[in-house]
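Containing compact mmCIF, C-alpha atoms and all ligand atoms: query_18.txt.
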```
# COMPACT_ATOMS: atom_id res chain seq x y z
CA MET A 235 -23.55 -29.70 18.30
CA GLN A 236 -24.97 -31.97 20.97
CA ASP A 237 -28.41 -33.50 20.71
CA GLU A 238 -30.94 -33.00 23.48
CA LEU A 239 -30.27 -36.21 25.41
CA THR A 240 -26.54 -35.57 25.41
CA GLN A 241 -27.07 -32.02 26.58
CA GLN A 242 -29.32 -33.19 29.37
CA VAL A 243 -26.82 -35.78 30.60
CA CYS A 244 -23.87 -33.38 30.38
CA ALA A 245 -25.82 -30.69 32.26
CA TRP A 246 -26.57 -33.04 35.15
CA LEU A 247 -22.93 -34.18 35.31
CA GLU A 248 -21.74 -30.55 35.32
CA GLY A 249 -23.11 -30.18 38.86
CA GLN A 250 -21.51 -33.36 40.23
CA GLN A 251 -17.87 -32.31 40.80
CA GLN A 252 -18.04 -32.28 44.60
CA ALA A 253 -20.21 -35.41 44.75
CA MET A 254 -17.71 -37.25 42.55
CA GLN A 255 -14.79 -36.15 44.69
CA ASP A 256 -16.60 -37.32 47.83
CA CYS A 257 -17.21 -40.73 46.24
CA LEU A 258 -13.57 -40.92 45.14
CA GLU A 259 -12.39 -40.19 48.67
CA ALA A 260 -14.69 -42.89 50.07
CA LEU A 261 -13.45 -45.53 47.60
CA VAL A 262 -9.76 -44.68 47.98
CA ASN A 263 -10.09 -44.97 51.75
CA ILE A 264 -10.93 -48.67 51.48
CA ASP A 265 -7.95 -51.01 51.08
CA SER A 266 -8.76 -53.32 48.17
CA ASN A 267 -5.77 -55.35 47.11
CA SER A 268 -6.63 -58.05 44.56
CA TYR A 269 -6.26 -60.74 47.24
CA ASP A 270 -8.28 -58.81 49.86
CA LYS A 271 -11.80 -60.12 49.34
CA ALA A 272 -13.21 -58.20 52.31
CA GLY A 273 -11.77 -54.97 50.87
CA THR A 274 -12.87 -55.38 47.26
CA ASP A 275 -16.30 -56.47 48.54
CA ALA A 276 -16.53 -53.35 50.72
CA VAL A 277 -15.90 -51.27 47.59
CA ALA A 278 -18.69 -53.24 45.90
CA ASP A 279 -21.04 -52.48 48.81
CA LEU A 280 -20.57 -48.72 48.38
CA ILE A 281 -21.00 -48.82 44.60
CA THR A 282 -24.16 -50.92 44.99
CA GLN A 283 -25.55 -48.46 47.49
CA TRP A 284 -24.92 -45.45 45.20
CA LEU A 285 -26.45 -47.12 42.16
CA GLU A 286 -29.47 -48.57 43.94
CA GLN A 287 -30.28 -45.15 45.39
CA ASP A 288 -31.04 -44.08 41.84
CA GLY A 289 -33.07 -47.21 41.12
CA ILE A 290 -30.36 -48.90 39.03
CA MET A 291 -30.50 -52.70 39.03
CA VAL A 292 -27.33 -54.28 40.41
CA ILE A 293 -26.60 -58.00 40.19
CA ARG A 294 -23.97 -59.39 42.53
CA HIS A 295 -22.23 -62.64 41.60
CA GLN A 296 -20.91 -64.11 44.85
CA ARG A 297 -17.36 -65.44 44.50
CA PRO A 298 -15.92 -67.74 47.15
CA ASP A 299 -12.24 -66.78 46.89
CA SER A 300 -11.98 -63.45 45.11
CA GLY A 301 -14.05 -60.29 45.32
CA ASP A 302 -17.66 -60.57 44.17
CA ILE A 303 -18.49 -59.45 40.63
CA LEU A 304 -20.95 -56.56 40.27
CA GLU A 305 -23.02 -55.97 37.20
CA ALA A 306 -25.30 -52.92 36.88
CA HIS A 307 -27.98 -52.74 34.19
CA LEU A 308 -29.88 -49.87 32.62
CA GLY A 309 -32.19 -49.77 29.60
CA GLY A 310 -33.01 -53.46 29.83
CA THR A 311 -30.81 -56.52 29.59
CA GLY A 312 -30.99 -56.85 25.79
CA GLN A 313 -28.11 -57.38 23.37
CA GLY A 314 -26.42 -54.61 21.43
CA HIS A 315 -25.55 -53.12 24.79
CA VAL A 316 -22.70 -50.86 25.80
CA LEU A 317 -20.30 -52.51 28.21
CA LEU A 318 -18.60 -50.25 30.76
CA MET A 319 -15.66 -51.88 32.53
CA GLY A 320 -13.71 -51.15 35.68
CA HIS A 321 -11.74 -53.04 38.32
CA ARG A 322 -12.10 -52.47 42.06
CA ASP A 323 -8.79 -54.00 43.10
CA THR A 324 -5.49 -52.19 43.55
CA VAL A 325 -1.88 -53.35 43.81
CA PHE A 326 -1.48 -51.90 47.30
CA PRO A 327 -1.32 -54.20 50.33
CA THR A 328 -4.01 -54.14 52.99
CA GLY A 329 -3.05 -51.53 55.58
CA THR A 330 -1.87 -48.92 53.06
CA VAL A 331 -4.83 -46.64 53.73
CA ALA A 332 -3.98 -46.43 57.45
CA GLY A 333 -0.60 -44.95 56.51
CA ARG A 334 -1.67 -42.76 53.61
CA GLY A 335 -5.36 -42.44 52.82
CA TYR A 336 -6.97 -40.01 50.42
CA THR A 337 -5.52 -36.50 50.47
CA GLN A 338 -6.01 -33.51 48.24
CA GLN A 339 -3.88 -30.57 47.24
CA ASP A 340 -5.69 -28.06 45.05
CA ASN A 341 -6.63 -29.95 41.90
CA ILE A 342 -4.73 -33.14 42.72
CA GLY A 343 -6.06 -36.16 44.56
CA PHE A 344 -3.60 -38.63 46.12
CA GLY A 345 -4.02 -42.09 47.63
CA PRO A 346 -3.77 -45.79 46.77
CA GLY A 347 -5.67 -46.49 43.56
CA VAL A 348 -6.84 -42.89 43.17
CA ALA A 349 -6.14 -43.06 39.43
CA ASP A 350 -5.90 -46.84 38.86
CA MET A 351 -8.78 -46.97 39.03
CA LYS A 352 -11.08 -45.78 41.78
CA SER A 353 -11.68 -42.53 39.88
CA GLY A 354 -12.75 -44.62 36.90
CA LEU A 355 -15.21 -46.52 39.08
CA VAL A 356 -16.66 -43.20 40.21
CA MET A 357 -16.99 -42.21 36.54
CA ASN A 358 -18.89 -45.35 35.63
CA CYS A 359 -21.22 -44.87 38.59
CA PHE A 360 -21.96 -41.31 37.54
CA VAL A 361 -22.50 -42.25 33.89
CA MET A 362 -25.05 -44.80 35.07
CA ARG A 363 -26.66 -42.31 37.45
CA ALA A 364 -26.83 -39.61 34.75
CA LEU A 365 -28.50 -42.03 32.32
CA SER A 366 -30.91 -43.19 35.01
CA HIS A 367 -32.23 -39.63 35.28
CA LEU A 368 -33.37 -39.63 31.64
CA PRO A 369 -37.03 -40.45 31.00
CA THR A 370 -35.81 -43.64 29.30
CA CYS A 371 -32.28 -44.91 28.71
CA PRO A 372 -32.00 -45.05 24.88
CA LEU A 373 -29.94 -48.26 24.78
CA PRO A 374 -29.03 -51.11 27.10
CA VAL A 375 -25.98 -50.32 29.21
CA ARG A 376 -24.16 -52.77 31.42
CA ALA A 377 -21.43 -51.73 33.88
CA LEU A 378 -19.15 -54.47 35.14
CA PHE A 379 -17.08 -54.00 38.30
CA THR A 380 -14.50 -56.77 38.65
CA ALA A 381 -11.99 -57.40 41.45
CA ASP A 382 -8.78 -59.00 40.15
CA GLU A 383 -7.45 -57.11 37.12
CA GLU A 384 -4.12 -56.32 38.74
CA ILE A 385 -3.31 -60.03 38.92
CA GLY A 386 -4.45 -60.80 35.37
CA SER A 387 -8.21 -61.23 35.95
CA PRO A 388 -8.10 -64.98 36.64
CA ASP A 389 -11.64 -64.78 38.06
CA GLY A 390 -12.93 -61.70 36.25
CA ARG A 391 -12.08 -62.80 32.72
CA ALA A 392 -15.02 -65.21 32.32
CA PHE A 393 -17.44 -62.51 33.53
CA ILE A 394 -15.96 -59.95 31.16
CA GLU A 395 -16.25 -62.34 28.24
CA ALA A 396 -19.82 -63.26 29.18
CA ALA A 397 -20.82 -59.59 29.59
CA ALA A 398 -19.19 -58.79 26.24
CA GLN A 399 -21.33 -61.30 24.36
CA GLY A 400 -23.48 -59.31 21.93
CA ALA A 401 -22.07 -55.97 23.11
CA ARG A 402 -21.98 -53.10 20.62
CA VAL A 403 -18.86 -51.61 22.18
CA ALA A 404 -16.75 -51.88 25.32
CA LEU A 405 -15.48 -48.81 27.17
CA ASN A 406 -12.81 -49.22 29.83
CA VAL A 407 -12.10 -46.49 32.38
CA GLU A 408 -8.46 -47.25 33.15
CA PRO A 409 -6.69 -43.94 33.93
CA GLY A 410 -6.24 -41.42 31.14
CA ARG A 411 -2.63 -40.85 30.12
CA VAL A 412 -0.66 -38.04 31.72
CA SER A 413 -0.87 -36.29 28.33
CA GLY A 414 -4.67 -36.35 28.67
CA ASN A 415 -4.90 -38.91 25.90
CA VAL A 416 -6.99 -42.06 25.89
CA VAL A 417 -5.64 -45.50 25.02
CA THR A 418 -6.31 -46.76 21.51
CA GLY A 419 -3.80 -49.63 21.55
CA ARG A 420 -2.32 -51.88 24.20
CA LYS A 421 0.15 -54.68 24.10
CA GLY A 422 -0.91 -58.11 25.13
CA GLY A 423 1.26 -60.02 27.54
CA ALA A 424 1.76 -63.34 29.20
CA GLY A 425 3.79 -64.71 32.09
CA PHE A 426 5.42 -68.12 32.22
CA LEU A 427 7.19 -70.24 34.79
CA ILE A 428 10.01 -72.40 33.45
CA GLU A 429 11.26 -75.30 35.57
CA VAL A 430 14.26 -77.46 34.79
CA THR A 431 15.28 -80.65 36.52
CA GLY A 432 18.77 -82.11 36.19
CA LYS A 433 20.94 -84.49 38.16
CA ALA A 434 22.93 -83.62 41.26
CA ALA A 435 26.57 -84.66 41.52
CA HIS A 436 29.60 -83.56 43.55
CA SER A 437 31.29 -81.04 41.30
CA GLY A 438 34.77 -82.14 42.44
CA VAL A 439 34.36 -85.88 42.82
CA SER A 440 31.89 -86.89 40.10
CA HIS A 441 31.26 -83.89 37.84
CA ALA A 442 30.60 -86.06 34.78
CA ASP A 443 27.71 -87.84 36.54
CA GLY A 444 25.76 -84.61 36.96
CA ALA A 445 23.38 -82.79 34.60
CA SER A 446 23.23 -79.06 35.27
CA ALA A 447 19.75 -77.58 35.33
CA ILE A 448 21.36 -74.14 35.66
CA GLU A 449 23.28 -74.56 32.43
CA THR A 450 20.10 -75.59 30.64
CA ILE A 451 18.15 -72.63 31.90
CA ALA A 452 21.02 -70.26 31.09
CA ARG A 453 21.13 -71.49 27.50
CA LYS A 454 17.37 -71.17 27.18
CA ILE A 455 17.34 -67.63 28.58
CA ILE A 456 19.73 -66.49 25.86
CA LYS A 457 17.48 -68.01 23.19
CA LEU A 458 14.31 -66.63 24.79
CA HIS A 459 15.76 -63.12 25.00
CA ALA A 460 16.73 -63.32 21.35
CA LEU A 461 13.01 -63.42 20.50
CA THR A 462 12.77 -59.72 21.44
CA ASP A 463 12.02 -57.62 18.37
CA TYR A 464 11.63 -53.94 19.28
CA GLU A 465 10.54 -52.95 15.80
CA ALA A 466 7.68 -55.44 15.87
CA GLY A 467 6.83 -54.53 19.47
CA ILE A 468 7.68 -57.97 20.84
CA THR A 469 9.66 -58.27 24.07
CA THR A 470 10.70 -61.21 26.21
CA ASN A 471 12.20 -60.83 29.66
CA VAL A 472 13.32 -63.38 32.20
CA GLY A 473 12.88 -61.36 35.35
CA THR A 474 13.80 -63.90 38.02
CA ILE A 475 15.92 -67.05 38.21
CA THR A 476 16.48 -69.47 41.05
CA GLY A 477 18.25 -72.81 41.24
CA GLY A 478 20.93 -75.06 42.60
CA VAL A 479 21.76 -76.26 46.10
CA SER A 480 25.41 -75.33 46.70
CA ARG A 481 28.47 -74.06 44.84
CA ASN A 482 30.05 -77.49 44.68
CA THR A 483 26.98 -79.40 43.54
CA VAL A 484 25.94 -79.74 39.89
CA ALA A 485 22.53 -78.05 40.00
CA PRO A 486 19.64 -80.53 40.09
CA PHE A 487 17.00 -77.88 39.50
CA ALA A 488 16.49 -74.32 38.32
CA SER A 489 13.51 -72.14 37.51
CA ALA A 490 12.86 -68.81 35.83
CA GLN A 491 9.96 -66.46 35.27
CA LEU A 492 9.44 -65.16 31.77
CA ASP A 493 7.41 -62.08 30.80
CA THR A 494 6.32 -61.58 27.19
CA ARG A 495 4.64 -58.64 25.39
CA PHE A 496 3.21 -58.44 21.88
CA VAL A 497 1.07 -56.12 19.75
CA THR A 498 -1.19 -58.53 17.86
CA THR A 499 -2.76 -61.91 18.54
CA ALA A 500 -1.02 -63.25 15.43
CA GLN A 501 2.35 -62.33 16.99
CA ARG A 502 1.23 -63.96 20.21
CA ASP A 503 0.55 -67.29 18.51
CA GLN A 504 3.93 -67.25 16.74
CA LEU A 505 5.76 -66.22 19.88
CA TYR A 506 4.21 -69.03 21.92
CA LYS A 507 5.27 -71.59 19.31
CA ALA A 508 8.83 -70.24 19.34
CA ILE A 509 8.95 -70.37 23.15
CA GLU A 510 7.64 -73.94 23.22
CA ALA A 511 10.29 -74.98 20.68
CA ILE A 512 13.07 -73.43 22.77
CA ILE A 513 11.83 -75.20 25.91
CA ALA A 514 11.70 -78.53 24.05
CA GLU A 515 15.25 -78.24 22.67
CA PRO A 516 17.71 -80.57 24.43
CA ASP A 517 20.44 -78.29 25.79
CA VAL A 518 22.22 -80.42 28.36
CA PRO A 519 21.79 -84.22 28.26
CA GLY A 520 20.03 -85.48 31.39
CA THR A 521 18.04 -82.30 32.03
CA LEU A 522 14.37 -81.73 31.35
CA ALA A 523 12.58 -78.38 31.00
CA ILE A 524 8.88 -77.71 31.35
CA ILE A 525 6.95 -74.48 30.96
CA GLU A 526 3.67 -73.36 32.45
CA GLN A 527 1.72 -70.23 31.60
CA THR A 528 0.96 -68.21 34.73
CA SER A 529 -0.91 -65.19 33.36
CA GLU A 530 -2.21 -63.68 30.16
CA PHE A 531 -3.67 -60.49 28.72
CA TYR A 532 -4.74 -60.12 25.10
CA PRO A 533 -3.68 -57.05 23.12
CA LEU A 534 -5.98 -54.17 22.22
CA GLU A 535 -5.25 -53.88 18.53
CA ALA A 536 -5.58 -50.34 17.15
CA ARG A 537 -8.07 -51.39 14.47
CA MET A 538 -10.48 -52.35 17.27
CA SER A 539 -10.52 -48.83 18.72
CA SER A 540 -10.18 -46.46 15.74
CA ALA A 541 -13.85 -45.84 14.85
CA LEU A 542 -14.83 -45.55 18.50
CA PHE A 543 -11.98 -43.17 19.18
CA GLU A 544 -13.03 -40.84 16.36
CA LEU A 545 -16.48 -40.57 17.91
CA TYR A 546 -14.98 -39.95 21.37
CA GLN A 547 -12.73 -37.22 19.98
CA VAL A 548 -15.69 -35.40 18.41
CA GLN A 549 -17.70 -35.64 21.63
CA ALA A 550 -14.75 -34.44 23.74
CA LYS A 551 -14.31 -31.44 21.46
CA ALA A 552 -17.98 -30.50 21.87
CA ILE A 553 -17.49 -30.66 25.65
CA GLY A 554 -14.37 -28.54 25.41
CA PHE A 555 -11.21 -30.63 25.49
CA ALA A 556 -8.82 -31.92 22.87
CA VAL A 557 -7.71 -35.52 23.07
CA ASP A 558 -5.58 -37.96 21.09
CA GLY A 559 -5.15 -41.71 21.05
CA GLU A 560 -2.06 -43.33 22.51
CA PHE A 561 -0.43 -46.74 22.42
CA THR A 562 0.92 -48.29 25.62
CA GLY A 563 2.87 -51.41 26.50
CA GLY A 564 0.76 -51.95 29.62
CA CYS A 565 -2.00 -54.55 29.51
CA SER A 566 -5.61 -54.30 30.64
CA ASP A 567 -9.00 -55.99 30.51
CA ALA A 568 -9.66 -54.13 27.23
CA GLY A 569 -7.77 -56.92 25.46
CA TRP A 570 -10.40 -59.53 26.36
CA THR A 571 -13.24 -57.63 24.72
CA ALA A 572 -11.18 -56.50 21.73
CA SER A 573 -10.05 -60.06 21.03
CA LEU A 574 -13.73 -61.08 20.88
CA GLY A 575 -14.23 -58.59 18.05
CA ILE A 576 -15.93 -55.93 20.19
CA PRO A 577 -14.85 -52.36 19.33
CA THR A 578 -13.07 -51.24 22.49
CA LEU A 579 -11.58 -48.03 23.83
CA CYS A 580 -9.46 -47.78 26.98
CA GLY A 581 -7.86 -45.16 29.22
CA LEU A 582 -11.14 -43.24 29.39
CA GLY A 583 -10.79 -42.59 33.12
CA PRO A 584 -9.76 -39.28 34.68
CA VAL A 585 -6.20 -38.21 33.95
CA GLY A 586 -3.69 -39.73 36.34
CA ALA A 587 -0.07 -40.74 36.66
CA LYS A 588 2.53 -42.59 38.76
CA MET A 589 0.21 -45.58 38.96
CA HIS A 590 1.32 -48.42 41.26
CA THR A 591 3.53 -46.04 43.29
CA ASP A 592 3.12 -44.00 46.48
CA GLU A 593 3.02 -40.83 44.36
CA GLU A 594 0.01 -41.91 42.30
CA TYR A 595 -2.32 -38.98 41.61
CA CYS A 596 -5.46 -37.99 39.77
CA LEU A 597 -6.32 -34.60 38.27
CA LEU A 598 -9.68 -33.82 39.82
CA ASP A 599 -10.79 -31.28 37.22
CA THR A 600 -10.79 -34.07 34.62
CA LEU A 601 -13.47 -36.05 36.51
CA VAL A 602 -16.49 -34.22 35.12
CA PRO A 603 -15.43 -33.54 31.50
CA ARG A 604 -14.21 -37.10 30.95
CA THR A 605 -17.38 -38.51 32.44
CA GLN A 606 -19.37 -36.23 30.12
CA ALA A 607 -17.32 -37.38 27.12
CA LEU A 608 -17.85 -41.02 28.02
CA ALA A 609 -21.60 -40.56 28.41
CA ALA A 610 -21.80 -38.52 25.19
CA THR A 611 -19.91 -41.22 23.27
CA LEU A 612 -22.31 -43.83 24.55
CA LEU A 613 -25.33 -41.74 23.53
CA ASN A 614 -24.02 -41.10 20.01
CA LEU A 615 -22.96 -44.58 18.95
CA HIS A 616 -25.62 -44.54 16.24
CA ASP A 617 -23.33 -42.11 14.35
CA VAL A 618 -20.66 -44.74 13.81
CA SER A 619 -20.16 -47.73 11.59
CA PHE A 620 -17.87 -50.30 13.16
CA ALA A 621 -17.38 -52.33 9.99
CA SER A 622 -13.61 -51.78 10.05
CA ALA A 623 -13.25 -53.42 13.44
CA ARG A 624 -14.97 -56.68 12.57
ZN ZN B 701 -5.95 -50.53 36.25
```
With the file now loaded, output its structure as structure tokens.
Amino acid sequence: MQDELTQQVCAWLEGQQQAMQDCLEALVNIDSNSYDKAGTDAVADLITQWLEQDGIMVIRHQRPDSGDILEAHLGGTGQGHVLLMGHRDTVFPTGTVAGRGYTQQDNIGFGPGVADMKSGLVMNCFVMRALSHLPTCPLPVRALFTADEEIGSPDGRAFIEAAAQGARVALNVEPGRVSGNVVTGRKGGAGFLIEVTGKAAHSGVSHADGASAIETIARKIIKLHALTDYEAGITTNVGTITGGVSRNTVAPFASAQLDTRFVTTAQRDQLYKAIEAIIAEPDVPGTLAIIEQTSEFYPLEARMSSALFELYQVQAKAIGFAVDGEFTGGCSDAGWTASLGIPTLCGLGPVGAKMHTDEEYCLLDTLVPRTQALAATLLNLHDVSFASAR
């Protein structure tokens, strides 16, 4: 049984299907690769316009090199707020829209970023708009629209962490799973660049004078891959290697890119120590290996989402859909807030699939109900104790 505020918000959202689709089409039809500041800023312009039309305060943090950061506020700027998160960038290069913009076939919307996560941005805008139509917003709500999640949030992370300070919960509108489920657990991950220097020598004339960087990196790759532990959910993968100058030269340099995934922050700390030890081991005399971390996402541990998910499930049922929680190996911004001890739920966006491909799609009839469930969860947080997450 929904309370009056929840009913009011859900009733307003019920009439927004076409308006939401129109907004989705407008956002998809703007190229906004993570490195395309003009594009991600154009997406920010539209969102600002929509929110300000309803009198919602929007703060824009100008960023010199990446897309600006948008922050919308309702119900005051106090602590104990709800943090809504979404990223405006996509993985698709500038120019993609000219070749294949937004299209629609019955209930399915297609186009770059239609699921990941322009439909989620539309959701957050409509949650804010729905709440703004109440006589007073019952709790402070902050919606953050960042611009570089697809490259690991190098610029967005600090804003997410700042916006999460004092937050009651964080809700992230990454696409819902193809099953319709939301995401209650995510792996964390980190990328590394390994570089080895050795000593060049003619492999026929003076082989013994050389020190092979390729041999060192090869030995290290075997040890790094041995850290994979499927049962524990830890994987390591060297995805690229380069090195050497010619077949008949002992290789003076080599490099490799390492990807790692883990389920808990405790595993992360252990894994990093093990990797550092492997890099420090002397494999071939005369060679030297160094490692540099190039990206990082923290995991969303299931204990951080469980209480929040139970509330979401109850609210979804009242609205009329069944939903379960799902674990995924993919990383997201949800890890930053969860690792700060903020109860966090992810994958709350409309249902989509084939993300990061030309076939990406979004199920349009999930726009309204999932927006209603998100708003209802936000309005019923007083029902939940989050003691287990802390
Ligand atoms: Zn995403």
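Closest approach to A:Ala488 from the set A:Pro369, A:Gly400, A:Gly432, A:Gly520 is made by A:Gly432, with distances taken over all atoms listed in the file.
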Counting only C-alpha atoms, which residues of stretch 288-395 of chain A sit at most 10 Å from some atom of stretch 276-284 of chain A, and what is each one's closest atom pair with its distance in Å to one decimal, listed by chain and rising residue number, as a Markdown table?
```
| residue | atom | partner | partner_atom | distance |
| --- | --- | --- | --- | --- |
| A:Asp288 | CA | A:Trp284 | CA | 7.1 |
| A:Gly289 | CA | A:Trp284 | CA | 9.3 |
| A:Ile290 | CA | A:Thr282 | CA | 8.8 |
| A:Met291 | CA | A:Thr282 | CA | 8.9 |
| A:Val292 | CA | A:Thr282 | CA | 6.5 |
| A:Ile293 | CA | A:Thr282 | CA | 8.9 |
| A:Arg294 | CA | A:Ala278 | CA | 8.8 |
| A:Gly301 | CA | A:Ala278 | CA | 8.5 |
| A:Asp302 | CA | A:Ala278 | CA | 7.6 |
| A:Ile303 | CA | A:Ala278 | CA | 8.1 |
| A:Leu304 | CA | A:Ala278 | CA | 6.9 |
| A:Glu305 | CA | A:Thr282 | CA | 9.4 |
| A:Ala306 | CA | A:Thr282 | CA | 8.4 |
| A:Arg322 | CA | A:Val277 | CA | 6.8 |
| A:Asp323 | CA | A:Val277 | CA | 8.8 |
| A:Lys352 | CA | A:Val277 | CA | 9.3 |
| A:Leu355 | CA | A:Ile281 | CA | 8.3 |
| A:Val356 | CA | A:Ile281 | CA | 8.3 |
| A:Asn358 | CA | A:Ile281 | CA | 9.8 |
| A:Cys359 | CA | A:Ile281 | CA | 7.2 |
| A:Phe360 | CA | A:Trp284 | CA | 9.2 |
| A:Arg363 | CA | A:Trp284 | CA | 8.5 |
| A:Phe379 | CA | A:Ala278 | CA | 7.8 |
| A:Thr380 | CA | A:Ala278 | CA | 9.1 |
| A:Ala381 | CA | A:Ala278 | CA | 9.1 |
```
All residues having an atom within 10 Å of ligand ZN 701 (chain B) (only C-alpha atoms and all ligand atoms) as a VMD selection string = chain A and resid 320 to 325 347 349 to 352 354 382 to 384 406 to 409 564 to 567 581 583 589 to 590
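Pairwise distance (atom CA of A:Glu510, atom CA of A:Lys457) equals 11.5 Å.
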10 Å contact set for A:Ala460, all atoms listed in the file, chain neighbours under 4 positions out, as JSON, numbers by chain = {"A": [454, 455, 456, 469, 470, 471]}
Quick one: pull the distance between atom CA of A:Asp617 and atom CA of A:Met538, Å, one decimal.
-> 16.7 Å
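In terms of minimum interatomic distance to A:Ser300, A:Ile385 ranks closest within A:Leu574, A:Cys596, A:Ile342, A:Ile385, counting only C-alpha atoms.
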Go through A:Gly329, A:Pro603, A:Gly414, A:Gly478 one by one, measure the shortest atom-to-atom distance of each to A:Thr431 using only C-alpha atoms, and give the residue with the smallest value.
-> A:Gly478
Got a sec: who's within 8 Å of A:Val557, counting all atoms listed in the file, leaving out chain neighbours fewer than 6 positions off, as an MDAnalysis selection string?
-> chainID A and resid 414:416 547 550:551
Create the file for the chosen residues now, containing C-alpha atoms and written as a CSV table (one decimal), in the frame of the given file.
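Output (again.csv):
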```csv
chain,number,residue,atom,x,y,z
A,414,GLY,CA,-4.7,-36.4,28.7
A,415,ASN,CA,-4.9,-38.9,25.9
A,416,VAL,CA,-7.0,-42.1,25.9
A,547,GLN,CA,-12.7,-37.2,20.0
A,550,ALA,CA,-14.8,-34.4,23.7
A,551,LYS,CA,-14.3,-31.4,21.5
```
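Nearest to A:Gln399 of all the residues A:Cys257, A:Leu545, A:Ile576, A:Val348 is A:Ile576, counting all atoms listed in the file.
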Quote the spacing between atom CA of A:Asp340 and atom CA of A:Leu598 in Å to one decimal place.
-> 8.7 Å
Within 12 Å of A:Asp463, counting only C-alpha atoms, which residues qualify if same-chain residues fewer than 5 places away don't, as a ChimeraX atom specification?
-> /A:458,468-471,494-497,501,505
Selection near A:Pro372, 12 Å with all atoms listed in the file, sequence-local residues under 6 positions removed, as an MDAnalysis selection string | chainID A and resid 239:240 308:310 312 314:316 365:366 609 612:616
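Shortest atom-to-atom contact with A:Gly438 among A:Ala514, A:Ala260, A:Ile394, A:Val484: A:Val484, counting all atoms listed in the file.
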Kindly indicate which residue among A:Leu405, A:Ala572, A:Ala396, A:Leu247 lies nearest to A:Gln313, using only C-alpha atoms for the distances.
-> A:Ala396
Please reconstruct the missing atoms of stretch 441-445 of chain A (target: all heavy atoms) and return them as a PDB file, in the frame of the given file.
```pdb
ATOM      1  N   HIS A 441      31.849 -84.925  38.714  1.00  0.00           N
ATOM      2  CA  HIS A 441      31.260 -83.890  37.840  1.00  0.00           C
ATOM      3  C   HIS A 441      30.540 -84.503  36.649  1.00  0.00           C
ATOM      4  O   HIS A 441      29.432 -84.083  36.285  1.00  0.00           O
ATOM      5  CB  HIS A 441      32.383 -82.953  37.370  1.00  0.00           C
ATOM      6  CG  HIS A 441      31.908 -81.719  36.656  1.00  0.00           C
ATOM      7  ND1 HIS A 441      31.492 -81.734  35.344  1.00  0.00           N
ATOM      8  CD2 HIS A 441      31.776 -80.424  37.081  1.00  0.00           C
ATOM      9  CE1 HIS A 441      31.139 -80.519  34.986  1.00  0.00           C
ATOM     10  NE2 HIS A 441      31.293 -79.697  36.025  1.00  0.00           N
ATOM     11  N   ALA A 442      31.140 -85.489  36.020  1.00  0.00           N
ATOM     12  CA  ALA A 442      30.600 -86.060  34.780  1.00  0.00           C
ATOM     13  C   ALA A 442      29.276 -86.784  35.010  1.00  0.00           C
ATOM     14  O   ALA A 442      28.500 -86.984  34.073  1.00  0.00           O
ATOM     15  CB  ALA A 442      31.605 -87.023  34.147  1.00  0.00           C
ATOM     16  N   ASP A 443      28.969 -87.148  36.251  1.00  0.00           N
ATOM     17  CA  ASP A 443      27.710 -87.840  36.540  1.00  0.00           C
ATOM     18  C   ASP A 443      26.526 -86.869  36.636  1.00  0.00           C
ATOM     19  O   ASP A 443      25.369 -87.285  36.626  1.00  0.00           O
ATOM     20  CB  ASP A 443      27.789 -88.590  37.881  1.00  0.00           C
ATOM     21  CG  ASP A 443      28.772 -89.749  37.825  1.00  0.00           C
ATOM     22  OD1 ASP A 443      29.094 -90.167  36.679  1.00  0.00           O
ATOM     23  OD2 ASP A 443      29.227 -90.208  38.892  1.00  0.00           O
ATOM     24  N   GLY A 444      26.823 -85.595  36.753  1.00  0.00           N
ATOM     25  CA  GLY A 444      25.760 -84.610  36.960  1.00  0.00           C
ATOM     26  C   GLY A 444      25.170 -84.107  35.646  1.00  0.00           C
ATOM     27  O   GLY A 444      25.741 -84.308  34.564  1.00  0.00           O
ATOM     28  N   ALA A 445      23.997 -83.465  35.749  1.00  0.00           N
ATOM     29  CA  ALA A 445      23.380 -82.790  34.600  1.00  0.00           C
ATOM     30  C   ALA A 445      22.883 -81.452  35.120  1.00  0.00           C
ATOM     31  O   ALA A 445      21.988 -81.405  35.971  1.00  0.00           O
ATOM     32  CB  ALA A 445      22.226 -83.619  34.036  1.00  0.00           C
TER      33      ALA A 445
END
```
